[in-house]
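Let me begin by presenting the structure, written as structure tokens, before commenting on it.
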Amino acid sequence: MALMDSPAPGRPRSAEHSRLGECDGPAAPWRLWGPYLAGRQWGTVREDYTADGDAWAGFPFDHAVSRAYRWGEDGLGGISDRYGFLNVAVSLWNGRDPILKERLFGLTNTEGNHGEDAKEYWWALDGTPTHSWMQWLYRYPQAEFPYEQLRRENAERTRDEREFELGDTGLLDDGEFFDVTVTYAKADPTDICIRVTATNHGPAAAPLHLLPTVWLRNTWSWGTDPRITELHEVRRNGRPPRGYRAAEVRHGFLGSYVLAAQGNPQILFCDNETNAAKLWGSTSAQSLYPKDGINDRVVHRRRNAVNPKGYGSKAAFWYQWDAVQPGETVTVDLRLGPSDRGLAAFGEPFDAVVAARSAEADEFYGHVIHPSLTPDERHVARRAYAGLLWGKQLYRYDVGQWLAGDPVGPKPPGSRAGIRNERWKHLALADVVSMPDEWEYPWFAAWDLAFHTIPLAHVDPDFAKEQLVLMCREWAMHPNGQLPAYEWEFGDVNPPVHAWAAWHVYRIDGYRDREFLTRVFTKLLLNFAWWVNRKDEAGSNLFEGGFLGMDNIGLFNRSAPLPPGFRLEQSDATSWMAFYCQQMLKIALELARTDKAYDDLATKFLEHFLSIAQAVRHFGSSDKSLWHEGDGFFYDVLVQPDGRAPHMRVRSMVGLLPILGTTEIPAWVADELPDVTARLAWLQERRPELTEPVVTREADGKILLTLVEPDRLRRLLERMFDTEEFLSPFGIRSLSAATRQAVTATVGDETVSIAYEPGESRTAMFGGNSNWRGPVWFPVNVLLADKLRTYGRFFGDEVQVEIPRGSGHWGTLEDAADVIDHGLTDLFRPVDGRRPADGKRIESRDDPLWSAHPTFSEYFDGDTGEGLGATHQTGWTALVAHLLNPRLPPDPRDMGWG
């Protein structure tokens with residue numbers, strides 16, 4: 001299945017498509033409310049005000065129940081307005097837990113034996129891009145939640161052992177849990193029907209407390225805005241309205257809103273302010289009814305913990321069942337909307353909205369997901385889209401203000417500026433951003449986000465484009481042109497995939513939005529210059545980028561300083577830059593078709609690519625190259641003070657990435673852009689050594705630019721499709737399995753080594769929760785398959801590869817790309833009723849309560865395919881929804897692009 005496929009001419013229409021047509025920007029009415037409430041705000045850099053920069057310890061989970069957040073909020077299956085002023089979520093209590101279940105629990109980086117690790121079960125069930133329809137499921141144990149057992153068991157395990165999960169405690173074995181589903185259905189952009197259901201799947205009756213909660217983000221405690229906004233109970237003639245209870249807020253920006261709850265629940269009010277007395281023994285309390293007041297009223301039965309006068313900045317509707325029977329489902333309906341409209345009805349009108357939006361979601365995905373897919377494949381694709389859409393979360397962070405501190409509160413310690421992000425004071429975001437994972441990665445990562453936009457473009461192309469533009473705006477991109485990496489260190493370097501993503505989003509959207517393409521391209525000119533000026537230390541056209549997102553894939557930490565006089569010329573950094581050149585070239589050629597001013601930029605990127613390709617072949621003295629002829633592989637090269645440049649002979653993904661440096665120049669360029677063609681002809685005549693990577697197909701006039709010419713490609717693919725090296729049943733491994741026996745080398749005075757690790761990392765490098773020493777990573781596999789198709793379209797049957805090596809079965813390079821894509825999608829196809837990605841986890845049980853819920857993991861075991869890392873990271877693994885769709889007929893506007 002090709003990444004490059006474009007939608008058929010003519011855009012499908014559905015009610016949801018019509019709503020999308022009304023969304024002309026991020027502030028459009030249908031986008032005002034969405035799943036923007038974070039899954040985790042505690043333990044983030046934004047909330048860290050410590051002297052040592054230990055964000056996990058600076059705001060631990062145990063503080064979250066009692067301490068007000070500075071920059072955002074979190075909750076279970078919640079929504080907020082796009083600015084995060086007003087939040088709605090569900091809270092729970094099973095009558096046994098020591099605290100209300102208000103947020104997801106997990107282990108911090110130091111508590112987990114493989115780094116940070118969520119210890120709950122939840123799934124994004126469904127969603128539409130305007131958030132007219134959303135469903136989210138949380139699995140709540142009926143026994144006391146084992147917070148301390150999970151901490152203790154994982155603390156006792158080594159990195160050689162599996163993580164200890166909630167499912168390993170035995171508490172869920174007999175279905176002794178509630179499935180709590182939260183459904184949102186918009187009657188219009190600001191009228192939202194909310195339904196919470198809880199089903200007892202256990203063998204016995206069990207108590208349950210449901211507390212739908214509404215609260216205001218604390219904007220008043222930091223000395224920048226003294227206005228305190230509060231919720232008040234709605235009363236008519238001194239009494240609650242008949243048939244429902246309600247809380248109203250009059251907000252300076254949002255206006256007046258009411259959240260109404262059907263029936264007669266008790267309303268509990270407190271303030272979204274820190275309980276300083278509980279946390280630090282402070283005697284100067286800001287509120288008599290602080291943030292944990294509702295928790296204390298329900299769990300500890302303290303009546304004086306909530307405000308008896310019926311107001312506060314946090315309110316919950318308290319529904320109680322002493323005994324929910326086995327198999328029984330209890331339901332709570334609420335409605336959020338502007339006060340001035342009056343309160344819309346519950347009952348039949350409410351049910352009609354829910355039913356209509358559910359049917360419209362089915363209609364929408366009937367257009368998006370190809371009808372030829374099997375029911376299992378359609379289910380996986382729809383869940384992947386749901387996860388992406390629920391991953392749209394509000395990200396607030398003003399680095400300059402964070403570093404300087406607030407007018408109210410202690411002055412930040414002097415050490416703080418030297419810990420992280422001191423050079424990023426310009427970054428000030430208050431935007432909805434596509435996040436990799438709502439718990440483990442509740443912040444954006446630039447290269448993750450770029451991959452997200454590919455599947456997002458199929459359901460919400462405008463949002464996909466907005467995300468790519470956002471990373472290039474003045475309040476995100478550094479003035480020197482660097483894109484922000486992620487909040488732990490914005491100055492780290494992510495692979496430059498932004499141009500690739502922009503080009504494909506443009507194509508998926510039907511080649512229509514040249515303004516978008518121009519906006520991104522002009523900003524990426526700055527970013528490209530940053531790469532050239534900052535990451536080519538020797539001016540050799542070979543690049544150094546540090547770990548480049550590929551944590552612990554090399555013999556040593558490539559982000560750490562090398563001994564004096566040493567320099568690492570990276571195969572992957574150089575390949576990424578060749579790839580970047582080609583993507584910028586393609587965009588420039590496309591823009592030049594209507595604006596000849598882009599001709600010069602097209603030739604600039606053409607020549608820059610040729611210079612990089614020449615450096616890959618030989619640099620410095622003529623005997624130095626990233627290619628190792630004896631091994632038939634590309635490696636990093638360590639340039640030493642005495643001029644020697646040994647290869648770091650570890651066969652890993654860094655040696656496969658030169659494959660990315662290939663693209664076609666279609667035949668129409670010769671007719672429409674003669675200046676580009678003339679320049680290439682001049683180079684071929686006057687600089688033939690520079691144009692070796694240029695391959696011309698005389699029959700149709702197409703041109704291939706490539707870092708890896710056919711003979712080297714054949715040798716590289718021998719290893720890539722060798723099951724004893726890179727080829728696994730589920731894609732390409734990030735490290736050759738041949739390194740099960742460790743590879744050792746000497747760097748300066750230090751001996752270093754690396755060995756294949758198919759699953760969880762056994763090293764603490766980069767936190768220990770991410771591993772590139774063997775597992776399959778979805779995004780780079782997608783890129784490799786994409787580029788093999790480019791080769792395959794150009795060479796046809798001329799270049800073939802044995803798949804797998806030694807099998808006697810030969811195929812074209814497009815066949816080879818299919819093998820990779822099929823391996824990735826096979827992770828989610830049941831084998832004997834079980835998905836390989838579910839591995840040995842509880843989700844692999846032969847029980848529809850578990851098997852119905854695929855998880856989209858961060859990466860996958862290189863031997864078994866089990867999903868690992870952040871197991872709720874839909875993120876870039878949502879690319880599976882794209883790969884599952886069959887190729888569509890060529891778009892007549894395609895004009896030969898490869």
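Each chain in the structure tokens gets a letter, A, B and so on, in the order shown; residues start at 1 in every chain, and ligands are counted from 1 in the order they appear.
Neighbours of range 50-66 of chain A closer than or equal to 7 Å, with only C-alpha atoms counted and sequence neighbours fewer than 5 positions away skipped, come out as A:Trp42, A:Gly43, A:Thr44, A:Val45, A:Thr108, A:Thr274, A:Asn275, A:Lys291, A:Asp292, A:Pro413, A:Ser415, A:Arg416, A:Ile419.
Every protein, DNA or RNA residue with an atom at most 7 Å from Gln582 in chain A, where only C-alpha atoms count and chain neighbours fewer than 2 positions away do not, is listed here: Ala578, Phe579, Tyr580, Met584, Leu585, Lys586, Phe605, Phe609 and Thr663 of chain A.
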TODO: Extract, using only C-alpha atoms, all DNA, RNA and protein residues at most 7 Å from range 159-162 of chain A, discarding same-chain residues fewer than 2 positions from it, and format them as number ranges by chain.
DONE: A: 113-114, 157, 164, 762
Grab the residues selected above and save them as a PDB file, in the first residue's frame with N, CA and C atoms.
ATOM      1  N   ASN A 113      10.634  -0.026  35.948  1.00  0.00           N
ATOM      2  CA  ASN A 113      11.884  -0.727  35.623  1.00  0.00           C
ATOM      3  C   ASN A 113      12.276  -0.523  34.163  1.00  0.00           C
ATOM      4  N   HIS A 114      11.363   0.042  33.368  1.00  0.00           N
ATOM      5  CA  HIS A 114      11.722   0.462  32.003  1.00  0.00           C
ATOM      6  C   HIS A 114      11.299   1.905  31.772  1.00  0.00           C
ATOM      7  N   ARG A 157      11.864  -5.120  40.221  1.00  0.00           N
ATOM      8  CA  ARG A 157      12.232  -5.798  38.976  1.00  0.00           C
ATOM      9  C   ARG A 157      13.413  -5.094  38.315  1.00  0.00           C
ATOM     10  N   PHE A 164       5.633  -4.917  35.407  1.00  0.00           N
ATOM     11  CA  PHE A 164       4.504  -5.462  36.166  1.00  0.00           C
ATOM     12  C   PHE A 164       3.312  -4.534  35.940  1.00  0.00           C
ATOM     13  N   ARG A 762      17.289  -2.556  27.900  1.00  0.00           N
ATOM     14  CA  ARG A 762      17.980  -2.976  29.119  1.00  0.00           C
ATOM     15  C   ARG A 762      18.978  -1.911  29.583  1.00  0.00           C
TER      16      ARG A 762
END
Task: Neighbour list for Phe794 in chain A as a ChimeraX atom specification, cut-off 12 Å, only C-alpha atoms, skip fewer than 4 positions in-chain - done: /A:662-667,695-706,710,787-790,798-799,812-814,896-898
Residue subset to file, keeping N, CA and C atoms, as an mmCIF file, in the first residue's frame:
data_model
loop_
_atom_site.group_PDB
_atom_site.id
_atom_site.type_symbol
_atom_site.label_atom_id
_atom_site.label_comp_id
_atom_site.auth_asym_id
_atom_site.auth_seq_id
_atom_site.Cartn_x
_atom_site.Cartn_y
_atom_site.Cartn_z
ATOM 1 N N THR A 662 16.194 9.293 -2.075
ATOM 2 C CA THR A 662 15.883 9.015 -3.481
ATOM 3 C C THR A 662 14.551 9.638 -3.840
ATOM 4 N N THR A 663 14.474 10.219 -5.019
ATOM 5 C CA THR A 663 13.209 10.782 -5.501
ATOM 6 C C THR A 663 13.253 10.897 -7.008
ATOM 7 N N GLU A 664 12.087 10.964 -7.592
ATOM 8 C CA GLU A 664 11.955 11.123 -9.043
ATOM 9 C C GLU A 664 11.719 12.593 -9.393
ATOM 10 N N ILE A 665 12.274 13.009 -10.510
ATOM 11 C CA ILE A 665 11.903 14.272 -11.130
ATOM 12 C C ILE A 665 11.069 13.909 -12.353
ATOM 13 N N PRO A 666 9.794 14.261 -12.349
ATOM 14 C CA PRO A 666 8.928 13.807 -13.444
ATOM 15 C C PRO A 666 9.276 14.456 -14.774
ATOM 16 N N ALA A 667 8.798 13.837 -15.841
ATOM 17 C CA ALA A 667 9.158 14.263 -17.191
ATOM 18 C C ALA A 667 8.655 15.664 -17.511
ATOM 19 N N VAL A 695 20.223 9.455 -12.350
ATOM 20 C CA VAL A 695 19.957 8.355 -13.279
ATOM 21 C C VAL A 695 18.805 8.792 -14.181
ATOM 22 N N THR A 696 19.014 8.762 -15.476
ATOM 23 C CA THR A 696 17.996 9.206 -16.434
ATOM 24 C C THR A 696 17.405 8.007 -17.163
ATOM 25 N N ARG A 697 16.081 8.010 -17.286
ATOM 26 C CA ARG A 697 15.409 6.960 -18.043
ATOM 27 C C ARG A 697 15.002 7.574 -19.383
ATOM 28 N N GLU A 698 15.694 7.190 -20.403
ATOM 29 C CA GLU A 698 15.513 7.824 -21.701
ATOM 30 C C GLU A 698 14.107 7.610 -22.265
ATOM 31 N N ALA A 699 13.490 6.480 -21.935
ATOM 32 C CA ALA A 699 12.211 6.146 -22.561
ATOM 33 C C ALA A 699 11.140 7.189 -22.289
ATOM 34 N N ASP A 700 11.077 7.691 -21.071
ATOM 35 C CA ASP A 700 10.010 8.642 -20.752
ATOM 36 C C ASP A 700 10.531 9.956 -20.165
ATOM 37 N N GLY A 701 11.833 10.109 -20.108
ATOM 38 C CA GLY A 701 12.393 11.374 -19.663
ATOM 39 C C GLY A 701 12.417 11.582 -18.161
ATOM 40 N N LYS A 702 12.036 10.568 -17.377
ATOM 41 C CA LYS A 702 12.086 10.714 -15.922
ATOM 42 C C LYS A 702 13.530 10.655 -15.440
ATOM 43 N N ILE A 703 13.753 11.300 -14.299
ATOM 44 C CA ILE A 703 15.085 11.340 -13.704
ATOM 45 C C ILE A 703 14.973 10.869 -12.260
ATOM 46 N N LEU A 704 15.912 10.037 -11.837
ATOM 47 C CA LEU A 704 15.983 9.583 -10.448
ATOM 48 C C LEU A 704 17.213 10.190 -9.800
ATOM 49 N N LEU A 705 16.995 10.811 -8.632
ATOM 50 C CA LEU A 705 18.101 11.277 -7.796
ATOM 51 C C LEU A 705 18.231 10.316 -6.631
ATOM 52 N N THR A 706 19.419 9.777 -6.409
ATOM 53 C CA THR A 706 19.550 8.770 -5.369
ATOM 54 C C THR A 706 20.919 8.800 -4.706
ATOM 55 N N PRO A 710 22.087 1.503 -7.979
ATOM 56 C CA PRO A 710 21.513 0.153 -7.961
ATOM 57 C C PRO A 710 22.414 -0.944 -7.407
ATOM 58 N N LYS A 787 10.110 4.827 -0.029
ATOM 59 C CA LYS A 787 11.219 5.062 -0.958
ATOM 60 C C LYS A 787 11.528 3.850 -1.822
ATOM 61 N N LEU A 788 11.273 2.651 -1.308
ATOM 62 C CA LEU A 788 11.430 1.472 -2.178
ATOM 63 C C LEU A 788 10.434 1.529 -3.331
ATOM 64 N N ARG A 789 9.263 2.105 -3.076
ATOM 65 C CA ARG A 789 8.301 2.262 -4.174
ATOM 66 C C ARG A 789 8.821 3.246 -5.212
ATOM 67 N N THR A 790 9.489 4.302 -4.731
ATOM 68 C CA THR A 790 10.062 5.255 -5.678
ATOM 69 C C THR A 790 11.078 4.560 -6.570
ATOM 70 N N GLU A 798 13.840 -4.245 -13.538
ATOM 71 C CA GLU A 798 15.289 -4.208 -13.733
ATOM 72 C C GLU A 798 16.060 -4.501 -12.448
ATOM 73 N N VAL A 799 15.533 -4.051 -11.338
ATOM 74 C CA VAL A 799 16.171 -4.303 -10.052
ATOM 75 C C VAL A 799 15.226 -5.154 -9.218
ATOM 76 N N THR A 812 10.081 -7.424 -7.273
ATOM 77 C CA THR A 812 10.479 -6.060 -7.582
ATOM 78 C C THR A 812 10.615 -5.257 -6.286
ATOM 79 N N LEU A 813 11.116 -4.048 -6.418
ATOM 80 C CA LEU A 813 11.244 -3.200 -5.230
ATOM 81 C C LEU A 813 9.881 -2.758 -4.720
ATOM 82 N N GLU A 814 8.895 -2.689 -5.593
ATOM 83 C CA GLU A 814 7.538 -2.419 -5.097
ATOM 84 C C GLU A 814 7.003 -3.623 -4.326
ATOM 85 N N GLY A 896 2.801 12.775 -12.646
ATOM 86 C CA GLY A 896 4.051 12.033 -12.647
ATOM 87 C C GLY A 896 4.854 12.083 -11.374
ATOM 88 N N TRP A 897 4.305 12.728 -10.318
ATOM 89 C CA TRP A 897 5.094 12.782 -9.081
ATOM 90 C C TRP A 897 5.261 11.387 -8.494
ATOM 91 N N GLY A 898 6.469 11.119 -7.971
ATOM 92 C CA GLY A 898 6.726 9.876 -7.256
ATOM 93 C C GLY A 898 7.054 10.141 -5.831
#
Using only C-alpha atoms, tabulate the residues of range 326-353 of chain A lying at most 12 Å from any atom of range 77-91 of chain A, each with its closest atom pair and that distance in Å to one decimal, by chain and increasing residue number, as CSV.
residue,atom,partner,partner_atom,distance
A:Val332,CA,A:Val90,CA,10.7
A:Asp333,CA,A:Val90,CA,11.9
A:Leu334,CA,A:Val88,CA,10.5
A:Arg335,CA,A:Val88,CA,10.8
A:Leu336,CA,A:Val88,CA,9.1
A:Gly337,CA,A:Leu86,CA,11.8
Output of the above residues as a compact mmCIF listing (two decimals), in the first residue's frame, restricted to N, CA and C atoms:
# COMPACT_ATOMS: atom_id res chain seq x y z
N VAL A 332 -25.78 8.13 33.23
CA VAL A 332 -25.94 9.51 33.68
C VAL A 332 -25.88 10.40 32.44
N ASP A 333 -26.86 11.28 32.28
CA ASP A 333 -26.88 12.22 31.16
C ASP A 333 -26.66 13.64 31.67
N LEU A 334 -25.83 14.40 30.94
CA LEU A 334 -25.58 15.80 31.27
C LEU A 334 -25.62 16.60 29.97
N ARG A 335 -25.78 17.90 30.12
CA ARG A 335 -25.80 18.75 28.92
C ARG A 335 -25.10 20.07 29.24
N LEU A 336 -24.14 20.40 28.37
CA LEU A 336 -23.37 21.63 28.53
C LEU A 336 -23.75 22.59 27.42
N GLY A 337 -24.07 23.83 27.78
CA GLY A 337 -24.42 24.80 26.75
C GLY A 337 -24.51 26.21 27.30
Open item on the list: Taking 2 positions as the minimum chain separation for residues in the same chain, which residues sit within 12 Å of Ser18 in chain A when counting only C-alpha atoms? Answer as a VMD selection string.
Closed with: chain A and resid 11 to 16 20 to 24 30 129 to 130 132 360 364 460
- [ ] May I have the residues within 8 Å of Val380 in chain A as a list in words, using only C-alpha atoms and disregarding those fewer than 4 positions away in the same chain?
- [x] Asp376, Ala384, Phe828, Pro854 and Ala881 of chain A
Expected file: the selected residues, N, CA and C atoms, as a PDB file, in the first residue's frame:
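Written output follows (part35.pdb):
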ATOM      1  N   ASP A 376     -12.293  -6.585  10.694  1.00  0.00           N
ATOM      2  CA  ASP A 376     -11.191  -6.371  11.644  1.00  0.00           C
ATOM      3  C   ASP A 376     -10.335  -5.184  11.220  1.00  0.00           C
ATOM      4  N   ALA A 384      -7.639   3.715  15.182  1.00  0.00           N
ATOM      5  CA  ALA A 384      -6.435   4.525  14.998  1.00  0.00           C
ATOM      6  C   ALA A 384      -6.805   5.993  14.821  1.00  0.00           C
ATOM      7  N   PHE A 828      -1.628  -6.002  13.506  1.00  0.00           N
ATOM      8  CA  PHE A 828      -2.977  -5.775  14.019  1.00  0.00           C
ATOM      9  C   PHE A 828      -3.995  -6.756  13.460  1.00  0.00           C
ATOM     10  N   PRO A 854      -7.780  -2.850  20.325  1.00  0.00           N
ATOM     11  CA  PRO A 854      -6.370  -2.797  19.918  1.00  0.00           C
ATOM     12  C   PRO A 854      -5.670  -1.606  20.565  1.00  0.00           C
ATOM     13  N   ALA A 881      -3.657   3.118   9.777  1.00  0.00           N
ATOM     14  CA  ALA A 881      -4.930   3.418   9.113  1.00  0.00           C
ATOM     15  C   ALA A 881      -4.700   3.804   7.669  1.00  0.00           C
TER      16      ALA A 881
END
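Comparing A:Gly127, A:Gly106, A:Pro326, A:Gly95 by their smallest distance to Trp439 in chain A, the closest is A:Gly106 (using only C-alpha atoms).
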- [ ] Run DSSP on the backbone of this structure and report the residues of range 382-550 of chain A it assigns to helix (DSSP H, G or I), as a ChimeraX atom specification.
- [x] /A:382-390,399-404,414-418,422-424,446-459,461-470,498-508,514-534
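Neighbouring residues of Glu466 in chain A at 9 Å or closer, counting only C-alpha atoms and skipping chain neighbours under 5 positions away, are Gly25, Pro26, Pro461, Met471 and Phe516 of chain A.
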Any chance you can output those residues with C-alpha atoms as a PDB file, in the first residue's frame?
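Saved result, part_20.pdb, follows:
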ATOM      1  CA  GLY A  25      -9.457  27.890  10.985  1.00  0.00           C
ATOM      2  CA  PRO A  26      -8.574  26.713  14.492  1.00  0.00           C
ATOM      3  CA  PRO A 461      -6.682  17.984   6.303  1.00  0.00           C
ATOM      4  CA  MET A 471       5.643  24.372  14.337  1.00  0.00           C
ATOM      5  CA  PHE A 516      -0.250  26.182   2.675  1.00  0.00           C
TER       6      PHE A 516
END
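Note that CA of Glu47 in chain A and CA of Lys425 in chain A are 16.1 Å apart.
Nearest residue to Phe177 in chain A, choosing from A:Ala678, A:Val637, A:Ala204, A:Ala345 and counting only C-alpha atoms: A:Ala204.
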- [ ] Within range 545-708 of chain A, find each residue whose DSSP state, derived from the backbone, is strand (DSSP E), and express the selection as a VMD selection string.
- [x] chain A and resid 567 to 569 627 to 628 633 to 634 636 to 639 647 to 648 662 to 665 694 to 696 703 to 706
Using N, CA and C atoms, can you export the residues from the last selection as a CSV table (one decimal), in the first residue's frame?
chain,number,residue,atom,x,y,z
A,567,ARG,N,35.2,13.8,15.8
A,567,ARG,CA,34.0,14.2,15.2
A,567,ARG,C,33.3,13.0,14.6
A,568,LEU,N,32.0,12.9,14.8
A,568,LEU,CA,31.2,11.8,14.3
A,568,LEU,C,30.4,12.3,13.0
A,569,GLU,N,30.7,11.7,11.9
A,569,GLU,CA,30.0,12.0,10.7
A,569,GLU,C,28.9,10.9,10.6
A,627,TRP,N,30.2,4.6,3.1
A,627,TRP,CA,29.9,3.2,2.6
A,627,TRP,C,31.1,2.4,2.9
A,628,HIS,N,30.9,1.2,3.4
A,628,HIS,CA,31.9,0.2,3.7
A,628,HIS,C,31.8,-0.9,2.6
A,633,PHE,N,27.6,-1.9,3.3
A,633,PHE,CA,26.7,-1.2,4.3
A,633,PHE,C,27.2,0.2,4.6
A,634,PHE,N,26.3,1.1,5.0
A,634,PHE,CA,26.6,2.4,5.4
A,634,PHE,C,26.8,2.5,6.9
A,636,ASP,N,28.1,5.1,10.5
A,636,ASP,CA,28.7,6.4,11.0
A,636,ASP,C,30.2,6.2,10.9
A,637,VAL,N,30.9,7.4,10.7
A,637,VAL,CA,32.4,7.4,10.7
A,637,VAL,C,32.9,8.3,11.8
A,638,LEU,N,33.8,7.8,12.6
A,638,LEU,CA,34.4,8.6,13.6
A,638,LEU,C,35.7,9.2,13.2
A,639,VAL,N,35.7,10.5,12.9
A,639,VAL,CA,36.9,11.2,12.4
A,639,VAL,C,37.7,11.6,13.7
A,647,HIS,N,35.1,3.3,10.4
A,647,HIS,CA,33.6,3.1,10.5
A,647,HIS,C,33.2,2.5,11.8
A,648,MET,N,32.1,3.0,12.3
A,648,MET,CA,31.4,2.4,13.5
A,648,MET,C,30.6,1.2,13.0
A,662,THR,N,16.2,9.3,-2.1
A,662,THR,CA,15.9,9.0,-3.5
A,662,THR,C,14.6,9.6,-3.8
A,663,THR,N,14.5,10.2,-5.0
A,663,THR,CA,13.2,10.8,-5.5
A,663,THR,C,13.3,10.9,-7.0
A,664,GLU,N,12.1,11.0,-7.6
A,664,GLU,CA,12.0,11.1,-9.0
A,664,GLU,C,11.7,12.6,-9.4
A,665,ILE,N,12.3,13.0,-10.5
A,665,ILE,CA,11.9,14.3,-11.1
A,665,ILE,C,11.1,13.9,-12.4
A,694,VAL,N,22.6,11.0,-10.5
A,694,VAL,CA,21.5,11.3,-11.4
A,694,VAL,C,21.4,10.1,-12.4
A,695,VAL,N,20.2,9.5,-12.4
A,695,VAL,CA,20.0,8.4,-13.3
A,695,VAL,C,18.8,8.8,-14.2
A,696,THR,N,19.0,8.8,-15.5
A,696,THR,CA,18.0,9.2,-16.4
A,696,THR,C,17.4,8.0,-17.2
A,703,ILE,N,13.8,11.3,-14.3
A,703,ILE,CA,15.1,11.3,-13.7
A,703,ILE,C,15.0,10.9,-12.3
A,704,LEU,N,15.9,10.0,-11.8
A,704,LEU,CA,16.0,9.6,-10.4
A,704,LEU,C,17.2,10.2,-9.8
A,705,LEU,N,17.0,10.8,-8.6
A,705,LEU,CA,18.1,11.3,-7.8
A,705,LEU,C,18.2,10.3,-6.6
A,706,THR,N,19.4,9.8,-6.4
A,706,THR,CA,19.6,8.8,-5.4
A,706,THR,C,20.9,8.8,-4.7
Open item on the list: What does the structure give for the distance between CA of Gln266 in chain A and CA of Phe317 in chain A, in Å to one decimal?
Closed with: 5.8 Å
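The smallest atom-to-atom distance between Phe566 in chain A and any of A:His809, A:Arg420, A:Arg514, A:Arg644, using only C-alpha atoms, is found for A:Arg644.
For the choices A:Ala206, A:Leu717, A:Val616, A:Leu656, the atom-to-atom distance to Glu692 in chain A is smallest for A:Val616 when using only C-alpha atoms.
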